[in-house]
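Okay, run_10.txt now, which holds compact mmCIF, C-alpha atoms and all ligand atoms:
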# COMPACT_ATOMS: atom_id res chain seq x y z
CA MET A 1203 -32.54 -68.43 24.24
CA ARG A 1204 -33.69 -66.10 21.49
CA TYR A 1205 -31.19 -63.52 22.66
CA SER A 1206 -28.22 -65.84 22.66
CA LEU A 1207 -29.12 -67.02 19.17
CA CYS A 1208 -29.08 -63.44 18.00
CA LEU A 1209 -25.82 -62.64 19.73
CA PHE A 1210 -23.95 -65.71 18.67
CA PRO A 1211 -23.07 -64.62 15.12
CA LEU A 1212 -21.63 -61.34 16.44
CA ILE A 1213 -19.42 -63.08 18.96
CA ALA A 1214 -18.27 -65.64 16.42
CA THR A 1215 -17.46 -62.91 13.93
CA THR A 1216 -15.30 -61.02 16.41
CA ALA A 1217 -13.45 -64.15 17.48
CA LEU A 1218 -12.80 -65.16 13.88
CA PHE A 1219 -11.59 -61.80 12.64
CA ALA A 1220 -9.47 -60.45 15.49
CA GLY A 1221 -5.85 -61.31 14.88
CA GLU A 1222 -4.16 -63.41 17.52
CA LYS A 1223 -1.37 -60.92 18.00
CA GLN A 1224 -2.26 -57.30 18.69
CA LEU A 1225 1.00 -55.35 18.62
CA LEU A 1226 1.07 -51.53 18.76
CA ASN A 1227 4.32 -51.48 16.77
CA LEU A 1228 7.17 -53.81 15.86
CA ALA A 1229 9.63 -52.43 18.44
CA GLY A 1230 11.46 -55.36 19.96
CA ILE A 1231 10.39 -57.87 17.28
CA PRO A 1232 13.59 -59.11 15.62
CA LYS A 1233 13.69 -58.52 11.88
CA GLU A 1234 13.98 -62.23 11.15
CA GLU A 1235 10.68 -62.91 12.94
CA ARG A 1236 8.77 -60.68 10.58
CA MET A 1237 7.17 -62.20 7.51
CA ASN A 1238 9.08 -60.74 4.62
CA VAL A 1239 7.13 -59.75 1.57
CA PRO A 1240 9.88 -59.88 -1.06
CA VAL A 1241 11.33 -56.59 -2.24
CA GLU A 1242 11.22 -57.89 -5.83
CA TYR A 1243 7.95 -57.63 -7.75
CA VAL A 1244 5.93 -60.83 -7.46
CA TRP A 1245 3.68 -62.21 -10.26
CA PRO A 1246 2.10 -65.46 -8.98
CA GLU A 1247 2.16 -68.16 -11.62
CA ASN A 1248 -1.03 -70.17 -11.15
CA PRO A 1249 -4.67 -69.02 -11.21
CA GLY A 1250 -5.94 -68.20 -7.73
CA GLU A 1251 -2.49 -67.60 -6.25
CA ALA A 1252 -2.13 -64.29 -4.44
CA ALA A 1253 0.57 -62.07 -2.95
CA VAL A 1254 0.68 -58.98 -0.72
CA CYS A 1255 2.19 -55.98 -2.53
CA LEU A 1256 5.16 -54.25 -0.91
CA TRP A 1257 3.40 -50.87 -1.13
CA LYS A 1258 -0.13 -49.71 -1.86
CA ASP A 1259 -1.29 -50.19 -5.46
CA ASP A 1260 1.95 -52.12 -6.13
CA LYS A 1261 3.87 -48.83 -6.31
CA ALA A 1262 7.65 -49.09 -6.39
CA ALA A 1263 8.28 -46.96 -3.29
CA ALA A 1264 6.67 -44.74 -0.66
CA ILE A 1265 7.24 -41.04 -0.07
CA SER A 1266 5.99 -38.84 2.78
CA TYR A 1267 6.09 -35.03 3.08
CA THR A 1268 6.04 -33.91 6.72
CA ILE A 1269 5.90 -30.44 8.28
CA ASP A 1270 7.14 -29.63 11.79
CA ASP A 1271 6.63 -26.96 14.45
CA ASN A 1272 3.15 -26.00 13.15
CA CYS A 1273 4.22 -22.97 11.02
CA ALA A 1274 0.55 -22.09 10.62
CA MET A 1275 1.43 -19.10 8.41
CA ASN A 1276 2.29 -21.63 5.68
CA ILE A 1277 -0.95 -23.66 5.86
CA ASP A 1278 -2.70 -21.98 2.91
CA TRP A 1279 0.39 -22.32 0.73
CA TRP A 1280 0.78 -26.02 1.53
CA LEU A 1281 -2.89 -26.80 0.95
CA ALA A 1282 -2.83 -25.09 -2.45
CA GLU A 1283 0.40 -26.77 -3.57
CA ALA A 1284 -0.68 -30.21 -2.32
CA GLY A 1285 -4.10 -29.82 -3.94
CA GLN A 1286 -2.53 -29.15 -7.35
CA ARG A 1287 -0.56 -32.40 -7.12
CA ASP A 1288 -3.07 -34.58 -5.27
CA MET A 1289 -0.71 -35.11 -2.33
CA LYS A 1290 -1.40 -36.14 1.25
CA LEU A 1291 0.78 -34.24 3.75
CA THR A 1292 1.55 -34.83 7.42
CA TRP A 1293 1.82 -32.10 10.08
CA PHE A 1294 3.66 -32.95 13.30
CA LEU A 1295 2.16 -30.44 15.72
CA VAL A 1296 3.53 -28.95 18.93
CA THR A 1297 0.23 -28.79 20.77
CA GLY A 1298 0.92 -26.56 23.80
CA GLY A 1299 0.57 -23.24 21.99
CA ILE A 1300 -2.40 -24.02 19.72
CA SER A 1301 -5.33 -21.62 20.35
CA ASN A 1302 -3.18 -20.31 23.20
CA SER A 1303 -0.15 -18.27 22.12
CA ASN A 1304 1.51 -16.89 18.97
CA PRO A 1305 -1.42 -17.78 16.66
CA LYS A 1306 0.56 -16.97 13.50
CA MET A 1307 3.01 -19.76 14.28
CA ASN A 1308 0.99 -22.20 16.40
CA GLY A 1309 -2.39 -21.82 14.73
CA GLU A 1310 -5.90 -22.34 16.07
CA TRP A 1311 -7.52 -25.76 16.43
CA SER A 1312 -10.11 -24.71 13.83
CA GLN A 1313 -7.28 -24.30 11.30
CA TRP A 1314 -5.92 -27.76 12.07
CA GLN A 1315 -9.40 -29.19 11.77
CA ALA A 1316 -9.58 -27.65 8.28
CA VAL A 1317 -6.21 -29.23 7.41
CA TYR A 1318 -7.50 -32.63 8.52
CA ASP A 1319 -10.79 -32.12 6.66
CA ALA A 1320 -8.79 -31.36 3.49
CA GLY A 1321 -7.46 -34.94 3.68
CA HIS A 1322 -4.14 -34.43 5.44
CA SER A 1323 -2.73 -36.05 8.53
CA ILE A 1324 -2.22 -34.51 11.99
CA GLU A 1325 0.35 -36.15 14.29
CA SER A 1326 2.35 -35.27 17.39
CA HIS A 1327 5.56 -33.30 17.88
CA THR A 1328 4.98 -33.21 21.69
CA VAL A 1329 3.39 -30.52 23.91
CA THR A 1330 6.31 -28.08 24.33
CA HIS A 1331 8.90 -29.35 21.83
CA LEU A 1332 10.60 -30.36 25.10
CA SER A 1333 11.37 -26.68 25.81
CA GLY A 1334 9.35 -27.22 28.98
CA ALA A 1335 12.01 -29.66 30.20
CA SER A 1336 14.12 -26.66 31.25
CA LYS A 1337 11.51 -25.62 33.80
CA PRO A 1338 11.11 -27.14 37.28
CA GLU A 1339 7.38 -27.71 36.78
CA TRP A 1340 7.95 -29.91 33.69
CA GLN A 1341 5.63 -32.92 33.76
CA GLY A 1342 7.98 -35.36 32.04
CA ILE A 1343 8.44 -37.13 28.73
CA GLU A 1344 5.36 -39.36 29.11
CA TRP A 1345 3.27 -36.21 29.43
CA GLU A 1346 4.96 -34.63 26.36
CA TYR A 1347 4.17 -37.69 24.23
CA GLY A 1348 0.80 -38.65 25.73
CA ASP A 1349 -0.85 -35.29 26.35
CA SER A 1350 -0.09 -34.07 22.83
CA LYS A 1351 -1.90 -37.11 21.39
CA GLN A 1352 -4.85 -36.50 23.72
CA ALA A 1353 -5.02 -32.83 22.73
CA ILE A 1354 -5.02 -33.65 19.01
CA ASP A 1355 -7.64 -36.37 19.37
CA ALA A 1356 -9.84 -34.11 21.51
CA ASN A 1357 -9.61 -31.07 19.21
CA VAL A 1358 -9.48 -32.48 15.69
CA ALA A 1359 -12.70 -34.41 15.10
CA GLY A 1360 -12.22 -37.68 13.25
CA ASN A 1361 -8.44 -37.69 13.67
CA SER A 1362 -6.52 -40.17 15.79
CA ALA A 1363 -2.85 -39.26 16.24
CA THR A 1364 -0.79 -42.43 15.92
CA ALA A 1365 2.70 -41.15 15.13
CA LEU A 1366 5.32 -39.00 16.86
CA ALA A 1367 8.22 -36.92 15.56
CA TYR A 1368 10.96 -36.62 18.18
CA PRO A 1369 11.79 -32.96 18.70
CA GLY A 1370 15.37 -31.82 18.14
CA GLY A 1371 16.92 -28.83 19.86
CA GLY A 1372 18.47 -28.27 23.27
CA ASN A 1373 16.48 -30.84 25.23
CA SER A 1374 16.41 -33.58 22.59
CA ALA A 1375 18.32 -35.91 24.95
CA LYS A 1376 15.08 -36.16 26.96
CA ASN A 1377 13.49 -38.15 24.10
CA ASP A 1378 12.79 -41.74 25.08
CA PRO A 1379 11.82 -44.25 22.37
CA GLU A 1380 10.80 -46.77 25.03
CA VAL A 1381 8.12 -44.38 26.26
CA ALA A 1382 7.07 -43.57 22.68
CA GLN A 1383 6.62 -47.23 21.80
CA GLY A 1384 3.97 -47.58 24.52
CA ILE A 1385 1.87 -44.80 22.96
CA TYR A 1386 2.50 -44.62 19.20
CA ILE A 1387 2.55 -47.01 16.26
CA ALA A 1388 5.62 -45.30 14.79
CA ALA A 1389 8.01 -42.39 15.27
CA ARG A 1390 10.08 -40.21 13.00
CA GLY A 1391 13.74 -40.14 13.94
CA THR A 1392 16.47 -37.66 13.11
CA ARG A 1393 18.88 -39.61 10.90
CA GLY A 1394 18.80 -37.74 7.60
CA THR A 1395 18.78 -40.56 5.08
CA ILE A 1396 16.34 -42.52 2.95
CA ASN A 1397 14.92 -45.80 4.32
CA GLY A 1398 15.40 -49.13 2.55
CA ALA A 1399 12.48 -51.47 1.96
CA ARG A 1400 13.14 -53.89 4.75
CA GLY A 1401 14.10 -54.23 8.40
CA LEU A 1402 13.02 -50.72 9.42
CA ASN A 1403 13.07 -49.45 12.99
CA TYR A 1404 9.52 -48.11 13.10
CA MET A 1405 10.19 -46.17 16.31
CA SER A 1406 12.98 -44.24 14.56
CA ILE A 1407 12.26 -43.86 10.86
CA ASN A 1408 14.93 -41.90 8.98
CA ALA A 1409 13.81 -38.52 7.65
CA MET A 1410 15.53 -35.74 5.74
CA SER A 1411 15.37 -31.98 6.14
CA ARG A 1412 17.85 -31.72 3.27
CA PRO A 1413 16.76 -34.32 0.71
CA ASN A 1414 18.01 -34.22 -2.85
CA ILE A 1415 16.78 -35.78 -6.05
CA GLY A 1416 19.96 -36.89 -7.73
CA ASP A 1417 21.40 -33.37 -7.83
CA ASN A 1418 23.98 -33.68 -5.04
CA PRO A 1419 26.62 -36.36 -5.73
CA LYS A 1420 28.06 -35.85 -2.24
CA ALA A 1421 24.80 -36.89 -0.57
CA SER A 1422 23.65 -40.15 -2.14
CA PHE A 1423 22.38 -41.13 1.35
CA SER A 1424 19.58 -38.56 0.94
CA ASP A 1425 19.00 -38.99 -2.81
CA CYS A 1426 15.31 -39.82 -3.23
CA SER A 1427 15.66 -40.76 -6.89
CA ARG A 1428 17.36 -43.96 -5.68
CA LEU A 1429 14.04 -45.15 -4.22
CA ILE A 1430 12.61 -45.74 -7.69
CA ASP A 1431 15.81 -46.81 -9.47
CA PRO A 1432 15.61 -50.61 -10.08
CA ALA A 1433 19.40 -50.70 -10.49
CA ASP A 1434 19.91 -49.47 -6.91
CA THR A 1435 19.82 -52.70 -4.90
CA LYS A 1436 20.00 -50.93 -1.51
CA ALA A 1437 17.45 -48.17 -1.89
CA TYR A 1438 15.00 -49.37 -4.54
CA ARG A 1439 11.47 -49.78 -3.16
CA GLY A 1440 12.23 -48.01 0.13
CA TRP A 1441 10.54 -45.09 1.86
CA GLY A 1442 11.59 -41.44 1.67
CA VAL A 1443 10.45 -39.01 4.38
CA PHE A 1444 10.92 -35.25 3.91
CA ILE A 1445 10.95 -32.75 6.81
CA TYR A 1446 9.94 -29.11 6.36
CA HIS A 1447 9.81 -26.14 8.71
CA TYR A 1448 8.84 -22.52 8.01
CA ILE A 1449 9.33 -21.77 4.34
CA LYS A 1450 9.42 -18.56 2.34
CA GLY A 1451 10.95 -17.09 -0.82
CA GLU A 1452 13.49 -19.33 -2.52
CA ASN A 1453 12.65 -22.19 -0.19
CA MET A 1454 9.14 -22.20 -1.63
CA ASP A 1455 10.57 -22.77 -5.11
CA LYS A 1456 12.81 -25.55 -3.84
CA THR A 1457 9.89 -27.17 -2.03
CA ARG A 1458 7.75 -26.98 -5.18
CA GLU A 1459 10.54 -28.79 -7.04
CA GLN A 1460 10.54 -31.51 -4.40
CA MET A 1461 6.76 -31.85 -4.69
CA ASP A 1462 7.05 -31.95 -8.49
CA PHE A 1463 9.51 -34.81 -8.05
CA TYR A 1464 6.69 -36.85 -6.57
CA TYR A 1465 4.15 -35.64 -9.08
CA SER A 1466 6.21 -36.42 -12.16
CA ASN A 1467 6.96 -39.88 -10.72
CA ARG A 1468 3.49 -40.57 -9.35
CA ASP A 1469 3.23 -43.88 -11.23
CA ALA A 1470 6.17 -45.14 -9.17
CA PHE A 1471 5.51 -43.50 -5.77
CA TRP A 1472 2.81 -43.91 -3.18
CA CYS A 1473 2.55 -40.46 -1.59
CA ALA A 1474 1.44 -41.52 1.88
CA SER A 1475 0.92 -39.78 5.17
CA PHE A 1476 3.62 -40.83 7.64
CA SER A 1477 1.23 -42.98 9.65
CA ASP A 1478 -0.43 -44.61 6.61
CA ALA A 1479 2.98 -45.75 5.35
CA ALA A 1480 3.94 -46.98 8.86
CA LYS A 1481 0.65 -48.85 9.21
CA TYR A 1482 0.92 -50.43 5.78
CA ALA A 1483 4.55 -51.47 6.27
CA GLN A 1484 4.06 -53.05 9.71
CA SER A 1485 0.89 -54.91 8.64
CA ARG A 1486 2.74 -56.06 5.54
CA ASP A 1487 5.86 -57.15 7.45
CA THR A 1488 3.74 -59.41 9.67
CA SER A 1489 1.08 -60.38 7.13
CA ASN A 1490 -0.16 -63.87 6.46
CA LEU A 1491 -2.20 -64.35 3.28
CA GLU A 1492 -4.06 -67.61 2.72
CA VAL A 1493 -6.09 -68.75 -0.27
CA LEU A 1494 -8.99 -70.59 1.39
CA GLU A 1495 -10.83 -71.43 -1.81
CA ASN A 1496 -9.66 -71.42 -5.39
CA SER A 1497 -12.09 -72.29 -8.16
CA ASN A 1498 -13.36 -70.83 -11.41
CA GLN A 1499 -16.48 -69.67 -9.54
CA ARG A 1500 -14.75 -67.85 -6.70
CA ILE A 1501 -11.52 -67.17 -4.87
CA VAL A 1502 -11.61 -66.69 -1.10
CA LEU A 1503 -8.71 -64.97 0.66
CA SER A 1504 -7.87 -64.54 4.33
CA LEU A 1505 -5.41 -61.82 5.33
CA SER A 1506 -4.14 -61.43 8.89
CA ASP A 1507 -1.33 -59.56 10.62
CA TRP A 1508 0.23 -59.21 14.07
CA MET A 1509 -0.85 -55.63 14.55
CA LYS A 1510 -3.48 -53.99 16.77
CA ASP A 1511 -6.68 -53.94 14.72
CA GLU A 1512 -7.90 -50.69 16.31
CA TYR A 1513 -5.06 -48.75 14.65
CA PHE A 1514 -3.91 -50.99 11.82
CA ASN A 1515 -6.97 -50.58 9.63
CA HIS A 1516 -5.17 -49.49 6.48
CA PRO A 1517 -5.79 -52.05 3.72
CA LEU A 1518 -2.98 -53.93 2.04
CA THR A 1519 -3.04 -54.22 -1.74
CA VAL A 1520 -3.25 -57.88 -2.75
CA LYS A 1521 -2.41 -59.09 -6.24
CA VAL A 1522 -4.25 -62.19 -7.49
CA ARG A 1523 -3.48 -64.24 -10.61
CA LEU A 1524 -6.97 -64.47 -12.14
CA PRO A 1525 -8.33 -67.65 -13.75
CA ASP A 1526 -7.87 -67.46 -17.51
CA ASP A 1527 -11.56 -67.00 -18.30
CA TRP A 1528 -12.06 -64.10 -15.84
CA SER A 1529 -11.89 -60.87 -17.83
CA GLY A 1530 -12.63 -58.89 -14.69
CA PHE A 1531 -13.75 -59.51 -11.14
CA ARG A 1532 -15.80 -58.18 -8.26
CA ALA A 1533 -14.75 -58.36 -4.62
CA ARG A 1534 -16.17 -57.87 -1.17
CA GLN A 1535 -14.65 -58.22 2.32
CA GLY A 1536 -16.80 -59.56 5.14
CA ASP A 1537 -20.13 -57.74 5.16
CA GLY A 1538 -18.56 -54.62 3.69
CA PRO A 1539 -19.44 -52.79 0.45
CA GLU A 1540 -18.13 -53.85 -2.94
CA LEU A 1541 -14.41 -53.05 -3.21
CA ASN A 1542 -12.60 -51.16 -5.94
CA THR A 1543 -10.71 -53.55 -8.19
CA ARG A 1544 -8.23 -53.17 -11.01
CA VAL A 1545 -7.01 -55.64 -13.62
CA VAL A 1546 -3.63 -55.55 -15.37
CA GLU A 1547 -1.99 -57.88 -17.87
CA HIS A 1548 1.50 -59.21 -17.31
CA ASP A 1549 3.30 -61.77 -19.47
CA GLY A 1550 0.04 -62.81 -21.11
CA ALA A 1551 -1.83 -63.42 -17.83
CA ARG A 1552 -4.44 -61.30 -16.03
CA TYR A 1553 -3.88 -60.06 -12.49
CA GLY A 1554 -6.37 -58.43 -10.21
CA TYR A 1555 -5.61 -55.87 -7.50
CA VAL A 1556 -7.83 -55.55 -4.46
CA ASP A 1557 -7.31 -53.67 -1.16
CA ILE A 1558 -7.96 -55.90 1.87
CA ILE A 1559 -7.95 -54.85 5.54
CA PRO A 1560 -5.89 -57.29 7.65
CA ASP A 1561 -8.05 -59.18 10.16
CA GLY A 1562 -11.10 -57.55 8.57
CA GLY A 1563 -12.83 -60.75 7.43
CA GLN A 1564 -12.58 -63.03 4.40
CA ALA A 1565 -12.37 -61.43 0.98
CA ILE A 1566 -14.44 -63.11 -1.72
CA LEU A 1567 -13.63 -62.57 -5.40
CA ILE A 1568 -16.02 -63.59 -8.18
CA PRO A 1569 -15.78 -63.14 -11.94
CA GLY A 1570 -17.63 -60.20 -13.44
ZN ZN B 1 10.60 -29.43 15.67
Produce structure tokens that represent the structure in this file.
Ligand SMILES: [Zn+2]
Amino acid sequence: MRYSLCLFPLIATTALFAGEKQLLNLAGIPKEERMNVPVEYVWPENPGEAAVCLWKDDKAAAISYTIDDNCAMNIDWWLAEAGQRDMKLTWFLVTGGISNSNPKMNGEWSQWQAVYDAGHSIESHTVTHLSGASKPEWQGIEWEYGDSKQAIDANVAGNSATALAYPGGGNSAKNDPEVAQGIYIAARGTRGTINGARGLNYMSINAMSRPNIGDNPKASFSDCSRLIDPADTKAYRGWGVFIYHYIKGENMDKTREQMDFYYSNRDAFWCASFSDAAKYAQSRDTSNLEVLENSNQRIVLSLSDWMKDEYFNHPLTVKVRLPDDWSGFRARQGDGPELNTRVVEHDGARYGYVDIIPDGGQAILIPG
């Protein structure tokens, strides 16, 4: 009896917090079934009312810088440039050659561990870039997608690969999004345009190897300045994904300019790893935020989503209209540590921002 008394709170906690739906990605879920957080900025009117922000920290748009085909000779350059601008980058690795062949290009696992430890993201670009598909002993597309994830997870401590970039090239027709959607939370596609804010196909996110920042009138489809232009009703508040390969010489200057574009607009952009943005967006699209208690003493919030809790652990930024006599607030989720909070004023009212993990337990806000 003593044992079951001890165990009971644990069991109850798990049952309460685990979301009912546990989807790996939103493939196959019609757009109209997803909860839509409005694209417009929301400022709830009454004290205690709360809203999920479209992007982390209520930023206008998201931007992700991704690097393909390993290109290990560029690692030091990328780490230095990203460090100067406080950016989080994503490498989509072809795993077959790592610590195996052509070390200059493919790199060693210890190098990729160092990249991860520096705060960047390591994801999959398959085992052979599908070049193996030309050989009779090829083990198939499931192996390309699945074994590359296993190799990354086994060799980069702390990292869990959750996203795939479909390889281009001669065997690209072997790509199979239906196989990818059984393994990954999201995939990077090959359509070279910006993404809008809503209705995204998370198993084929648009990404650009030739982005521009308002300097190519012939290519407005890949103009990333549109993402933060409130007058642009189609692109404003969307997600821009850049693709890079081996860079040298003039391309380094051009890439620096593209990184400066983020840095000089960092108040408007969330610079996210590819998988962080995909996690945030899918949790957000299916989020349900409830105010369980609303008084001057405390506000209690419950945030759930449809996504698999094991992977979808990135918090969503929630904006709360604070009671008039709260000059600041403190917040905690479940049994976790005290959360970072931020207060802003808007139209004479105070709003609090707090990051809450969906299905991670009730969040309790108190004045202070
Ligand atoms: Zn590639």
Which polymer residues have any atom within 8 Å of an atom of range 1523-1526 of chain A, counting only C-alpha atoms, with same-chain residues fewer than 4 positions away left out, as a VMD selection string?
chain A and resid 1245 to 1252 1498 1551 to 1554
Take the residues just selected and output them with C-alpha atoms as an mmCIF file, in the coordinates of the input.
data_model
loop_
_atom_site.group_PDB
_atom_site.id
_atom_site.type_symbol
_atom_site.label_atom_id
_atom_site.label_comp_id
_atom_site.auth_asym_id
_atom_site.auth_seq_id
_atom_site.Cartn_x
_atom_site.Cartn_y
_atom_site.Cartn_z
ATOM 1 C CA TRP A 1245 3.680 -62.210 -10.260
ATOM 2 C CA PRO A 1246 2.100 -65.460 -8.980
ATOM 3 C CA GLU A 1247 2.160 -68.160 -11.620
ATOM 4 C CA ASN A 1248 -1.030 -70.170 -11.150
ATOM 5 C CA PRO A 1249 -4.670 -69.020 -11.210
ATOM 6 C CA GLY A 1250 -5.940 -68.200 -7.730
ATOM 7 C CA GLU A 1251 -2.490 -67.600 -6.250
ATOM 8 C CA ALA A 1252 -2.130 -64.290 -4.440
ATOM 9 C CA ASN A 1498 -13.360 -70.830 -11.410
ATOM 10 C CA ALA A 1551 -1.830 -63.420 -17.830
ATOM 11 C CA ARG A 1552 -4.440 -61.300 -16.030
ATOM 12 C CA TYR A 1553 -3.880 -60.060 -12.490
ATOM 13 C CA GLY A 1554 -6.370 -58.430 -10.210
#
Could you pull out the residues sitting within 12 Å of ligand ZN 1 (chain B), using only C-alpha atoms and all ligand atoms, and write them as a ChimeraX atom specification?
/A:1268-1273,1293-1297,1326-1333,1366-1374,1390-1392,1411,1445-1448
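Among the candidate residues A:Met1289, A:Gly1451, A:Ala1274, A:Lys1481, the one lying nearest to Asn1304 in chain A is A:Ala1274, with distances computed using all atoms listed in the file.
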As number ranges by chain, please: the residues near range 1337-1345 of chain A (cut-off 8 Å, only C-alpha atoms, same-chain neighbours under 2 positions excluded).
A: 1329, 1332, 1334-1335, 1347-1350, 1376-1378, 1381-1382
Could you turn the residues from that selection into a file that holds C-alpha atoms, as a CSV table (one decimal), in the coordinates of the input?
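Once everything was written out, this is again_20.csv:
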chain,number,residue,atom,x,y,z
A,1329,VAL,CA,3.4,-30.5,23.9
A,1332,LEU,CA,10.6,-30.4,25.1
A,1334,GLY,CA,9.4,-27.2,29.0
A,1335,ALA,CA,12.0,-29.7,30.2
A,1347,TYR,CA,4.2,-37.7,24.2
A,1348,GLY,CA,0.8,-38.6,25.7
A,1349,ASP,CA,-0.8,-35.3,26.4
A,1350,SER,CA,-0.1,-34.1,22.8
A,1376,LYS,CA,15.1,-36.2,27.0
A,1377,ASN,CA,13.5,-38.2,24.1
A,1378,ASP,CA,12.8,-41.7,25.1
A,1381,VAL,CA,8.1,-44.4,26.3
A,1382,ALA,CA,7.1,-43.6,22.7
Using 12 Å as the limit and counting all atoms listed in the file, can you tabulate each residue of range 1285-1323 of chain A that touches range 1464-1474 of chain A, with its shortest atom-to-atom distance in Å and the two atoms involved, as a Markdown table?
| residue | atom | partner | partner_atom | distance |
| --- | --- | --- | --- | --- |
| A:Gly1285 | CA | A:Tyr1465 | CA | 11.3 |
| A:Gln1286 | CA | A:Tyr1465 | CA | 9.5 |
| A:Arg1287 | CA | A:Tyr1465 | CA | 6.0 |
| A:Asp1288 | CA | A:Tyr1465 | CA | 8.2 |
| A:Met1289 | CA | A:Cys1473 | CA | 6.3 |
| A:Lys1290 | CA | A:Ala1474 | CA | 6.1 |
| A:Leu1291 | CA | A:Ala1474 | CA | 7.5 |
| A:Thr1292 | CA | A:Ala1474 | CA | 8.7 |
| A:Gly1321 | CA | A:Ala1474 | CA | 11.2 |
| A:His1322 | CA | A:Ala1474 | CA | 9.7 |
| A:Ser1323 | CA | A:Ala1474 | CA | 9.6 |
Output for the residues just chosen: C-alpha atoms as a PDB file, keeping the file's coordinate frame:
ATOM      1  CA  GLY A1285      -4.100 -29.820  -3.940  1.00  0.00           C
ATOM      2  CA  GLN A1286      -2.530 -29.150  -7.350  1.00  0.00           C
ATOM      3  CA  ARG A1287      -0.560 -32.400  -7.120  1.00  0.00           C
ATOM      4  CA  ASP A1288      -3.070 -34.580  -5.270  1.00  0.00           C
ATOM      5  CA  MET A1289      -0.710 -35.110  -2.330  1.00  0.00           C
ATOM      6  CA  LYS A1290      -1.400 -36.140   1.250  1.00  0.00           C
ATOM      7  CA  LEU A1291       0.780 -34.240   3.750  1.00  0.00           C
ATOM      8  CA  THR A1292       1.550 -34.830   7.420  1.00  0.00           C
ATOM      9  CA  GLY A1321      -7.460 -34.940   3.680  1.00  0.00           C
ATOM     10  CA  HIS A1322      -4.140 -34.430   5.440  1.00  0.00           C
ATOM     11  CA  SER A1323      -2.730 -36.050   8.530  1.00  0.00           C
TER      12      SER A1323
END
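Take CA of Asp1478 in chain A and CA of His1516 in chain A: the distance between them is 6.8 Å.
We find CA of Asn1238 in chain A and CA of Gly1416 in chain A to be spaced 29.0 Å apart.
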Would you kindly place N, CA and C atoms on range 1269-1281 of chain A and return the model as a PDB file, in the coordinates of the input?
ATOM      1  N   ILE A1269       5.655 -31.826   7.902  1.00  0.00           N
ATOM      2  CA  ILE A1269       5.900 -30.440   8.280  1.00  0.00           C
ATOM      3  C   ILE A1269       5.922 -30.348   9.803  1.00  0.00           C
ATOM      4  N   ASP A1270       6.936 -29.701  10.347  1.00  0.00           N
ATOM      5  CA  ASP A1270       7.140 -29.630  11.790  1.00  0.00           C
ATOM      6  C   ASP A1270       6.831 -28.241  12.365  1.00  0.00           C
ATOM      7  N   ASP A1271       6.687 -28.211  13.679  1.00  0.00           N
ATOM      8  CA  ASP A1271       6.630 -26.960  14.450  1.00  0.00           C
ATOM      9  C   ASP A1271       5.475 -26.064  13.986  1.00  0.00           C
ATOM     10  N   ASN A1272       4.400 -26.673  13.502  1.00  0.00           N
ATOM     11  CA  ASN A1272       3.150 -26.000  13.150  1.00  0.00           C
ATOM     12  C   ASN A1272       3.295 -25.055  11.940  1.00  0.00           C
ATOM     13  N   CYS A1273       4.033 -23.944  12.125  1.00  0.00           N
ATOM     14  CA  CYS A1273       4.220 -22.970  11.020  1.00  0.00           C
ATOM     15  C   CYS A1273       2.888 -22.687  10.326  1.00  0.00           C
ATOM     16  N   ALA A1274       1.912 -22.267  11.130  1.00  0.00           N
ATOM     17  CA  ALA A1274       0.550 -22.090  10.620  1.00  0.00           C
ATOM     18  C   ALA A1274       0.471 -21.047   9.508  1.00  0.00           C
ATOM     19  N   MET A1275       1.441 -20.120   9.479  1.00  0.00           N
ATOM     20  CA  MET A1275       1.430 -19.100   8.410  1.00  0.00           C
ATOM     21  C   MET A1275       1.625 -19.709   7.026  1.00  0.00           C
ATOM     22  N   ASN A1276       2.090 -20.956   6.965  1.00  0.00           N
ATOM     23  CA  ASN A1276       2.290 -21.630   5.680  1.00  0.00           C
ATOM     24  C   ASN A1276       1.127 -22.539   5.275  1.00  0.00           C
ATOM     25  N   ILE A1277       0.109 -22.668   6.134  1.00  0.00           N
ATOM     26  CA  ILE A1277      -0.950 -23.660   5.860  1.00  0.00           C
ATOM     27  C   ILE A1277      -1.582 -23.456   4.478  1.00  0.00           C
ATOM     28  N   ASP A1278      -1.992 -22.217   4.177  1.00  0.00           N
ATOM     29  CA  ASP A1278      -2.700 -21.980   2.910  1.00  0.00           C
ATOM     30  C   ASP A1278      -1.826 -22.350   1.715  1.00  0.00           C
ATOM     31  N   TRP A1279      -0.547 -22.002   1.826  1.00  0.00           N
ATOM     32  CA  TRP A1279       0.390 -22.320   0.730  1.00  0.00           C
ATOM     33  C   TRP A1279       0.485 -23.835   0.529  1.00  0.00           C
ATOM     34  N   TRP A1280       0.656 -24.563   1.633  1.00  0.00           N
ATOM     35  CA  TRP A1280       0.780 -26.020   1.530  1.00  0.00           C
ATOM     36  C   TRP A1280      -0.492 -26.652   0.945  1.00  0.00           C
ATOM     37  N   LEU A1281      -1.644 -26.192   1.426  1.00  0.00           N
ATOM     38  CA  LEU A1281      -2.890 -26.800   0.950  1.00  0.00           C
ATOM     39  C   LEU A1281      -3.069 -26.577  -0.555  1.00  0.00           C
TER      40      LEU A1281
END
